[in-house]
Number of protein chains: 2
Amino acid sequence: MTADAVAGRAKAQACAICHGAIGLSTQPDAPNLAGQPAVFLSSQLRAYRSGERRHEVMNIVAKPLSDDDIDNLAAWFSSVRIDAHAPP
Amino acid sequence: MTADAVAGRAKAQACAICHGAIGLSTQPDAPNLAGQPAVFLSSQLRAYRSGERRHEVMNIVAKPLSDDDIDNLAAWFSSVRIDAHAPP
């Protein structure tokens with residue numbers, strides 16, 4: 001199937017407490033997900049699900065995700081456009 | 001010592017080929033680093049350095065970094081301001 005960013009956005013409500021509603025982190029130890037490449041996001045979520053990448057919270061929340069859930073979440077967060085401004 | 005974003009910016013030239021000059025990824029499997037929380041960045045670099053987080057390239061490039069290098073790199077990338085725009 002093709003990844004569904006709208007379904008991913010709905011599923012991402014569970015991510016918001018740490019990663020923010022559109023993927024801007026609310027915690028110093030949580031990364032921004034907004035605008036990350038979908039390939040990167042889906043590989044990391046799979047690594048959390050399998051336990052290959054370890055994190056107390058992420059290993060638990062990723063466990064029940066299906067491949068479609070993961071691809072949809074990755075499609076959603078990667079669809080957020082980001083602009084970056086370096087300090088002078 | 002206090003982290004030095006200017007020193008981090010100089011050191012970050014080695015990161016640019018994958019993560020972009022100001023931390024916007026140039027590769028589908030590399031994350032954006034721009035605007036990530038410094039605490040998050042420094043913990044991940046330490047995990048790459050120790051091997052706790054595994055990645056073929058990152059384990060090699062993080063190996064020789066000192067704690068100061070890591071804190072400086074984290075200070076630099078976190079000093080890049082990002083704006084995010086969700087699709088409607």
# chains A, B, ... in the order shown; residues from 1 in each chain; ligands from 1
$ interface_residues --of "chain A" --to "chain B" --cutoff "9 Å" --atoms "only C-alpha atoms" --output "PDB file with C-alpha atoms, in the first residue's frame"
ATOM      1  CA  ILE A  22       3.326  18.525  14.548  1.00  0.00           C
ATOM      2  CA  GLY A  23       6.603  16.918  15.547  1.00  0.00           C
ATOM      3  CA  LEU A  24       8.384  19.729  17.368  1.00  0.00           C
ATOM      4  CA  SER A  25       9.754  18.235  20.551  1.00  0.00           C
ATOM      5  CA  GLN A  27      11.158  17.529  25.879  1.00  0.00           C
ATOM      6  CA  PRO A  28      14.903  18.095  25.939  1.00  0.00           C
ATOM      7  CA  ASP A  29      15.558  14.389  25.400  1.00  0.00           C
ATOM      8  CA  ALA A  30      13.040  13.858  22.600  1.00  0.00           C
ATOM      9  CA  PRO A  31      13.886  14.686  18.985  1.00  0.00           C
ATOM     10  CA  ASN A  32      11.899  16.795  16.591  1.00  0.00           C
ATOM     11  CA  LEU A  33      10.225  14.532  14.048  1.00  0.00           C
ATOM     12  CA  ALA A  34       8.809  17.283  11.837  1.00  0.00           C
ATOM     13  CA  GLY A  35      10.289  17.161   8.371  1.00  0.00           C
ATOM     14  CA  GLN A  36      12.479  14.133   8.959  1.00  0.00           C
ATOM     15  CA  PRO A  37      12.934  11.916   5.908  1.00  0.00           C
ATOM     16  CA  ALA A  38      10.256   9.187   5.776  1.00  0.00           C
ATOM     17  CA  VAL A  39      12.868   6.503   5.085  1.00  0.00           C
ATOM     18  CA  PHE A  40      14.747   7.485   8.229  1.00  0.00           C
ATOM     19  CA  LEU A  41      11.614   7.636  10.409  1.00  0.00           C
ATOM     20  CA  SER A  43      13.652   2.563   9.785  1.00  0.00           C
ATOM     21  CA  GLU A  52      17.437  -3.157  17.910  1.00  0.00           C
ATOM     22  CA  ARG A  53      17.342   0.512  18.933  1.00  0.00           C
ATOM     23  CA  ARG A  54      16.723   0.770  22.623  1.00  0.00           C
ATOM     24  CA  PHE A  77       5.898  13.593  10.041  1.00  0.00           C
ATOM     25  CA  SER A  79       5.066  15.859   5.246  1.00  0.00           C
ATOM     26  CA  VAL A  80       5.619  18.686   7.739  1.00  0.00           C
ATOM     27  CA  ARG A  81       7.760  21.258   5.976  1.00  0.00           C
ATOM     28  CA  ILE A  82      10.617  22.764   7.962  1.00  0.00           C
ATOM     29  CA  ASP A  83      12.738  25.825   7.384  1.00  0.00           C
ATOM     30  CA  ALA A  84      16.074  26.209   9.121  1.00  0.00           C
ATOM     31  CA  HIS A  85      17.857  29.436   9.970  1.00  0.00           C
ATOM     32  CA  ALA A  86      21.485  29.269  11.059  1.00  0.00           C
ATOM     33  CA  PRO A  87      22.786  31.904  13.437  1.00  0.00           C
TER      34      PRO A  87
END
$ residues_around --residues "Val61 in chain A" --least-positions-apart "6" --cutoff "12 Å" --atoms "only C-alpha atoms" --output "ChimeraX atom specification"
/A:11-12,14-15,45-46,48-51,54-55,69-70
$ select_by_dssp --residues "range 2-80 of chain A" --states "helix (DSSP H, G or I)" --output "ChimeraX atom specification"
/A:5-19,38-50,56-62,67-79
$ write_last_selection --atoms "N, CA and C atoms" --output "compact mmCIF listing (two decimals), in the first residue's frame"
# COMPACT_ATOMS: atom_id res chain seq x y z
N ALA A 5 -0.55 9.69 4.91
CA ALA A 5 -0.14 10.71 5.88
C ALA A 5 -1.31 11.15 6.76
N VAL A 6 -2.53 11.09 6.22
CA VAL A 6 -3.70 11.51 7.03
C VAL A 6 -3.94 10.50 8.15
N ALA A 7 -3.85 9.22 7.82
CA ALA A 7 -3.97 8.18 8.86
C ALA A 7 -2.82 8.31 9.85
N GLY A 8 -1.64 8.62 9.35
CA GLY A 8 -0.48 8.79 10.23
C GLY A 8 -0.67 9.95 11.18
N ARG A 9 -1.25 11.02 10.68
CA ARG A 9 -1.49 12.19 11.53
C ARG A 9 -2.42 11.84 12.69
N ALA A 10 -3.45 11.05 12.40
CA ALA A 10 -4.38 10.63 13.46
C ALA A 10 -3.65 9.74 14.48
N LYS A 11 -2.89 8.80 13.98
CA LYS A 11 -2.15 7.88 14.85
C LYS A 11 -1.12 8.63 15.69
N ALA A 12 -0.63 9.74 15.17
CA ALA A 12 0.47 10.48 15.82
C ALA A 12 0.02 11.24 17.06
N GLN A 13 -1.27 11.22 17.35
CA GLN A 13 -1.71 11.88 18.59
C GLN A 13 -1.00 11.29 19.80
N ALA A 14 -0.69 10.01 19.73
CA ALA A 14 0.01 9.35 20.83
C ALA A 14 1.46 9.83 20.98
N CYS A 15 2.00 10.42 19.94
CA CYS A 15 3.39 10.87 19.95
C CYS A 15 3.53 12.28 20.52
N ALA A 16 2.38 13.00 20.55
CA ALA A 16 2.42 14.44 20.77
C ALA A 16 2.95 14.85 22.14
N ILE A 17 2.71 14.01 23.13
CA ILE A 17 3.10 14.42 24.49
C ILE A 17 4.61 14.68 24.58
N CYS A 18 5.40 13.92 23.84
CA CYS A 18 6.86 14.15 23.84
C CYS A 18 7.34 14.87 22.58
N HIS A 19 6.75 14.52 21.44
CA HIS A 19 7.28 15.02 20.16
C HIS A 19 6.49 16.21 19.60
N ALA A 38 11.13 10.34 5.47
CA ALA A 38 10.26 9.19 5.78
C ALA A 38 11.06 7.89 5.89
N VAL A 39 12.05 7.72 5.04
CA VAL A 39 12.87 6.50 5.09
C VAL A 39 13.56 6.38 6.44
N PHE A 40 14.09 7.49 6.92
CA PHE A 40 14.75 7.48 8.23
C PHE A 40 13.74 7.16 9.34
N LEU A 41 12.60 7.84 9.34
CA LEU A 41 11.61 7.64 10.41
C LEU A 41 11.13 6.19 10.44
N SER A 42 10.83 5.64 9.28
CA SER A 42 10.29 4.28 9.29
C SER A 42 11.36 3.27 9.71
N SER A 43 12.61 3.51 9.35
CA SER A 43 13.65 2.56 9.79
C SER A 43 13.86 2.64 11.30
N GLN A 44 13.78 3.84 11.85
CA GLN A 44 13.97 3.97 13.31
C GLN A 44 12.81 3.37 14.08
N LEU A 45 11.58 3.57 13.59
CA LEU A 45 10.43 2.97 14.28
C LEU A 45 10.50 1.45 14.23
N ARG A 46 10.94 0.91 13.10
CA ARG A 46 11.10 -0.55 13.02
C ARG A 46 12.20 -1.02 13.99
N ALA A 47 13.25 -0.24 14.11
CA ALA A 47 14.34 -0.62 15.02
C ALA A 47 13.88 -0.54 16.48
N TYR A 48 13.01 0.42 16.79
CA TYR A 48 12.44 0.47 18.14
C TYR A 48 11.50 -0.71 18.37
N ARG A 49 10.71 -1.03 17.35
CA ARG A 49 9.74 -2.13 17.49
C ARG A 49 10.47 -3.45 17.73
N SER A 50 11.56 -3.66 17.02
CA SER A 50 12.30 -4.93 17.16
C SER A 50 13.19 -4.94 18.39
N GLU A 56 13.49 3.17 26.58
CA GLU A 56 12.47 2.69 27.51
C GLU A 56 11.04 2.90 26.99
N VAL A 57 10.76 4.15 26.59
CA VAL A 57 9.39 4.46 26.16
C VAL A 57 9.14 3.98 24.74
N MET A 58 10.07 4.27 23.84
CA MET A 58 9.82 3.97 22.43
C MET A 58 9.69 2.48 22.16
N ASN A 59 10.43 1.64 22.89
CA ASN A 59 10.29 0.21 22.67
C ASN A 59 8.88 -0.27 23.02
N ILE A 60 8.26 0.37 24.00
CA ILE A 60 6.90 -0.01 24.38
C ILE A 60 5.88 0.51 23.38
N VAL A 61 6.01 1.79 23.02
CA VAL A 61 4.97 2.36 22.15
C VAL A 61 5.09 1.86 20.71
N ALA A 62 6.29 1.46 20.30
CA ALA A 62 6.44 0.98 18.91
C ALA A 62 6.01 -0.48 18.76
N ASP A 67 3.34 -2.54 10.15
CA ASP A 67 4.16 -1.91 9.12
C ASP A 67 3.42 -0.71 8.51
N ASP A 68 2.13 -0.87 8.30
CA ASP A 68 1.35 0.24 7.74
C ASP A 68 1.32 1.43 8.71
N ASP A 69 1.10 1.15 9.99
CA ASP A 69 1.13 2.24 10.99
C ASP A 69 2.44 3.01 10.89
N ILE A 70 3.54 2.28 10.83
CA ILE A 70 4.86 2.91 10.80
C ILE A 70 5.04 3.74 9.53
N ASP A 71 4.64 3.17 8.40
CA ASP A 71 4.80 3.92 7.15
C ASP A 71 3.90 5.15 7.13
N ASN A 72 2.72 5.04 7.73
CA ASN A 72 1.81 6.20 7.79
C ASN A 72 2.36 7.29 8.71
N LEU A 73 2.88 6.88 9.87
CA LEU A 73 3.49 7.86 10.78
C LEU A 73 4.66 8.56 10.11
N ALA A 74 5.47 7.80 9.42
CA ALA A 74 6.63 8.38 8.73
C ALA A 74 6.17 9.34 7.64
N ALA A 75 5.10 8.96 6.93
CA ALA A 75 4.57 9.84 5.87
C ALA A 75 4.06 11.14 6.47
N TRP A 76 3.39 11.02 7.60
CA TRP A 76 2.85 12.24 8.24
C TRP A 76 3.97 13.17 8.69
N PHE A 77 4.88 12.68 9.50
CA PHE A 77 5.90 13.59 10.04
C PHE A 77 6.79 14.14 8.93
N SER A 78 7.04 13.35 7.90
CA SER A 78 7.89 13.86 6.82
C SER A 78 7.16 14.87 5.95
N SER A 79 5.83 14.89 6.05
CA SER A 79 5.07 15.86 5.25
C SER A 79 5.06 17.25 5.86
$ select_by_dssp --residues "chain B" --states "strand (DSSP E or B)" --output "PyMOL selection string"
chain B and resi 81-85
$ write_last_selection --atoms "N, CA, C and O atoms" --output "PDB file, in the first residue's frame"
ATOM      1  N   ARG B  81      17.760  27.571  14.237  1.00  0.00           N
ATOM      2  CA  ARG B  81      16.329  27.726  14.527  1.00  0.00           C
ATOM      3  C   ARG B  81      15.522  27.064  13.412  1.00  0.00           C
ATOM      4  O   ARG B  81      15.849  27.208  12.238  1.00  0.00           O
ATOM      5  N   ILE B  82      14.513  26.319  13.789  1.00  0.00           N
ATOM      6  CA  ILE B  82      13.653  25.746  12.749  1.00  0.00           C
ATOM      7  C   ILE B  82      12.205  26.183  12.938  1.00  0.00           C
ATOM      8  O   ILE B  82      11.737  26.391  14.055  1.00  0.00           O
ATOM      9  N   ASP B  83      11.537  26.355  11.802  1.00  0.00           N
ATOM     10  CA  ASP B  83      10.095  26.598  11.781  1.00  0.00           C
ATOM     11  C   ASP B  83       9.465  25.409  11.078  1.00  0.00           C
ATOM     12  O   ASP B  83      10.021  24.904  10.105  1.00  0.00           O
ATOM     13  N   ALA B  84       8.316  25.001  11.584  1.00  0.00           N
ATOM     14  CA  ALA B  84       7.623  23.861  10.970  1.00  0.00           C
ATOM     15  C   ALA B  84       6.245  24.302  10.495  1.00  0.00           C
ATOM     16  O   ALA B  84       5.582  25.106  11.158  1.00  0.00           O
ATOM     17  N   HIS B  85       5.867  23.781   9.350  1.00  0.00           N
ATOM     18  CA  HIS B  85       4.580  24.125   8.756  1.00  0.00           C
ATOM     19  C   HIS B  85       3.860  22.844   8.385  1.00  0.00           C
ATOM     20  O   HIS B  85       4.265  22.155   7.446  1.00  0.00           O
TER      21      HIS B  85
END
$ decode --residues "range 9-24 of chain A" --atoms "all heavy atoms" --output "PDB file, in the first residue's frame"
ATOM      1  N   ARG A   9      -1.250  11.023  10.679  1.00  0.00           N
ATOM      2  CA  ARG A   9      -1.486  12.191  11.528  1.00  0.00           C
ATOM      3  C   ARG A   9      -2.421  11.838  12.687  1.00  0.00           C
ATOM      4  O   ARG A   9      -2.186  12.265  13.827  1.00  0.00           O
ATOM      5  CB  ARG A   9      -2.092  13.321  10.695  1.00  0.00           C
ATOM      6  CG  ARG A   9      -2.255  14.608  11.463  1.00  0.00           C
ATOM      7  CD  ARG A   9      -2.736  15.739  10.560  1.00  0.00           C
ATOM      8  NE  ARG A   9      -2.528  17.033  11.202  1.00  0.00           N
ATOM      9  CZ  ARG A   9      -2.485  18.201  10.555  1.00  0.00           C
ATOM     10  NH1 ARG A   9      -2.670  18.248   9.263  1.00  0.00           N
ATOM     11  NH2 ARG A   9      -2.273  19.326  11.215  1.00  0.00           N
ATOM     12  N   ALA A  10      -3.447  11.052  12.404  1.00  0.00           N
ATOM     13  CA  ALA A  10      -4.382  10.631  13.462  1.00  0.00           C
ATOM     14  C   ALA A  10      -3.652   9.740  14.477  1.00  0.00           C
ATOM     15  O   ALA A  10      -3.751   9.948  15.692  1.00  0.00           O
ATOM     16  CB  ALA A  10      -5.564   9.890  12.845  1.00  0.00           C
ATOM     17  N   LYS A  11      -2.892   8.804  13.977  1.00  0.00           N
ATOM     18  CA  LYS A  11      -2.155   7.880  14.845  1.00  0.00           C
ATOM     19  C   LYS A  11      -1.119   8.634  15.692  1.00  0.00           C
ATOM     20  O   LYS A  11      -0.776   8.203  16.797  1.00  0.00           O
ATOM     21  CB  LYS A  11      -1.441   6.860  13.948  1.00  0.00           C
ATOM     22  CG  LYS A  11      -0.874   5.657  14.667  1.00  0.00           C
ATOM     23  CD  LYS A  11      -1.878   4.537  14.770  1.00  0.00           C
ATOM     24  CE  LYS A  11      -1.374   3.412  15.652  1.00  0.00           C
ATOM     25  NZ  LYS A  11      -2.424   2.414  15.922  1.00  0.00           N
ATOM     26  N   ALA A  12      -0.625   9.741  15.170  1.00  0.00           N
ATOM     27  CA  ALA A  12       0.468  10.478  15.821  1.00  0.00           C
ATOM     28  C   ALA A  12       0.020  11.236  17.061  1.00  0.00           C
ATOM     29  O   ALA A  12       0.863  11.827  17.746  1.00  0.00           O
ATOM     30  CB  ALA A  12       1.123  11.440  14.828  1.00  0.00           C
ATOM     31  N   GLN A  13      -1.272  11.219  17.354  1.00  0.00           N
ATOM     32  CA  GLN A  13      -1.706  11.877  18.587  1.00  0.00           C
ATOM     33  C   GLN A  13      -0.997  11.287  19.801  1.00  0.00           C
ATOM     34  O   GLN A  13      -0.711  12.002  20.763  1.00  0.00           O
ATOM     35  CB  GLN A  13      -3.227  11.770  18.740  1.00  0.00           C
ATOM     36  CG  GLN A  13      -3.955  12.655  17.732  1.00  0.00           C
ATOM     37  CD  GLN A  13      -5.475  12.538  17.783  1.00  0.00           C
ATOM     38  OE1 GLN A  13      -6.002  11.718  18.531  1.00  0.00           O
ATOM     39  NE2 GLN A  13      -6.156  13.343  16.991  1.00  0.00           N
ATOM     40  N   ALA A  14      -0.686  10.014  19.726  1.00  0.00           N
ATOM     41  CA  ALA A  14       0.009   9.352  20.833  1.00  0.00           C
ATOM     42  C   ALA A  14       1.456   9.827  20.982  1.00  0.00           C
ATOM     43  O   ALA A  14       2.073   9.650  22.028  1.00  0.00           O
ATOM     44  CB  ALA A  14      -0.008   7.836  20.633  1.00  0.00           C
ATOM     45  N   CYS A  15       1.997  10.419  19.942  1.00  0.00           N
ATOM     46  CA  CYS A  15       3.393  10.866  19.955  1.00  0.00           C
ATOM     47  C   CYS A  15       3.535  12.278  20.520  1.00  0.00           C
ATOM     48  O   CYS A  15       4.643  12.703  20.895  1.00  0.00           O
ATOM     49  CB  CYS A  15       3.968  10.856  18.534  1.00  0.00           C
ATOM     50  SG  CYS A  15       3.546   9.408  17.529  1.00  0.00           S
ATOM     51  N   ALA A  16       2.377  12.997  20.545  1.00  0.00           N
ATOM     52  CA  ALA A  16       2.422  14.445  20.766  1.00  0.00           C
ATOM     53  C   ALA A  16       2.951  14.847  22.139  1.00  0.00           C
ATOM     54  O   ALA A  16       3.580  15.904  22.277  1.00  0.00           O
ATOM     55  CB  ALA A  16       1.043  15.050  20.543  1.00  0.00           C
ATOM     56  N   ILE A  17       2.712  14.011  23.133  1.00  0.00           N
ATOM     57  CA  ILE A  17       3.100  14.422  24.485  1.00  0.00           C
ATOM     58  C   ILE A  17       4.609  14.678  24.579  1.00  0.00           C
ATOM     59  O   ILE A  17       5.032  15.609  25.272  1.00  0.00           O
ATOM     60  CB  ILE A  17       2.620  13.418  25.558  1.00  0.00           C
ATOM     61  CG1 ILE A  17       2.772  14.034  26.943  1.00  0.00           C
ATOM     62  CG2 ILE A  17       3.314  12.089  25.431  1.00  0.00           C
ATOM     63  CD1 ILE A  17       1.997  13.304  28.023  1.00  0.00           C
ATOM     64  N   CYS A  18       5.401  13.925  23.845  1.00  0.00           N
ATOM     65  CA  CYS A  18       6.856  14.153  23.841  1.00  0.00           C
ATOM     66  C   CYS A  18       7.339  14.874  22.580  1.00  0.00           C
ATOM     67  O   CYS A  18       8.265  15.688  22.642  1.00  0.00           O
ATOM     68  CB  CYS A  18       7.602  12.820  23.949  1.00  0.00           C
ATOM     69  SG  CYS A  18       7.296  11.946  25.498  1.00  0.00           S
ATOM     70  N   HIS A  19       6.748  14.520  21.441  1.00  0.00           N
ATOM     71  CA  HIS A  19       7.276  15.022  20.164  1.00  0.00           C
ATOM     72  C   HIS A  19       6.494  16.211  19.604  1.00  0.00           C
ATOM     73  O   HIS A  19       6.839  16.704  18.519  1.00  0.00           O
ATOM     74  CB  HIS A  19       7.323  13.896  19.127  1.00  0.00           C
ATOM     75  CG  HIS A  19       8.277  12.785  19.465  1.00  0.00           C
ATOM     76  ND1 HIS A  19       9.643  12.926  19.342  1.00  0.00           N
ATOM     77  CD2 HIS A  19       8.073  11.530  19.931  1.00  0.00           C
ATOM     78  CE1 HIS A  19      10.229  11.781  19.708  1.00  0.00           C
ATOM     79  NE2 HIS A  19       9.302  10.924  20.073  1.00  0.00           N
ATOM     80  N   GLY A  20       5.456  16.647  20.338  1.00  0.00           N
ATOM     81  CA  GLY A  20       4.694  17.803  19.887  1.00  0.00           C
ATOM     82  C   GLY A  20       3.647  17.450  18.836  1.00  0.00           C
ATOM     83  O   GLY A  20       3.759  16.444  18.142  1.00  0.00           O
ATOM     84  N   ALA A  21       2.645  18.306  18.712  1.00  0.00           N
ATOM     85  CA  ALA A  21       1.502  18.018  17.843  1.00  0.00           C
ATOM     86  C   ALA A  21       1.910  17.890  16.377  1.00  0.00           C
ATOM     87  O   ALA A  21       1.339  17.091  15.641  1.00  0.00           O
ATOM     88  CB  ALA A  21       0.442  19.101  18.001  1.00  0.00           C
ATOM     89  N   ILE A  22       2.886  18.674  15.942  1.00  0.00           N
ATOM     90  CA  ILE A  22       3.326  18.525  14.548  1.00  0.00           C
ATOM     91  C   ILE A  22       4.792  18.067  14.480  1.00  0.00           C
ATOM     92  O   ILE A  22       5.452  18.218  13.461  1.00  0.00           O
ATOM     93  CB  ILE A  22       3.109  19.812  13.714  1.00  0.00           C
ATOM     94  CG1 ILE A  22       3.931  20.988  14.247  1.00  0.00           C
ATOM     95  CG2 ILE A  22       1.621  20.167  13.655  1.00  0.00           C
ATOM     96  CD1 ILE A  22       3.990  22.164  13.251  1.00  0.00           C
ATOM     97  N   GLY A  23       5.268  17.516  15.593  1.00  0.00           N
ATOM     98  CA  GLY A  23       6.603  16.918  15.547  1.00  0.00           C
ATOM     99  C   GLY A  23       7.719  17.834  16.015  1.00  0.00           C
ATOM    100  O   GLY A  23       8.881  17.577  15.725  1.00  0.00           O
ATOM    101  N   LEU A  24       7.348  18.904  16.726  1.00  0.00           N
ATOM    102  CA  LEU A  24       8.384  19.729  17.368  1.00  0.00           C
ATOM    103  C   LEU A  24       8.427  19.331  18.834  1.00  0.00           C
ATOM    104  O   LEU A  24       7.454  19.515  19.573  1.00  0.00           O
ATOM    105  CB  LEU A  24       8.085  21.221  17.209  1.00  0.00           C
ATOM    106  CG  LEU A  24       8.231  21.770  15.787  1.00  0.00           C
ATOM    107  CD1 LEU A  24       7.969  23.272  15.765  1.00  0.00           C
ATOM    108  CD2 LEU A  24       9.616  21.468  15.195  1.00  0.00           C
TER     109      LEU A  24
END
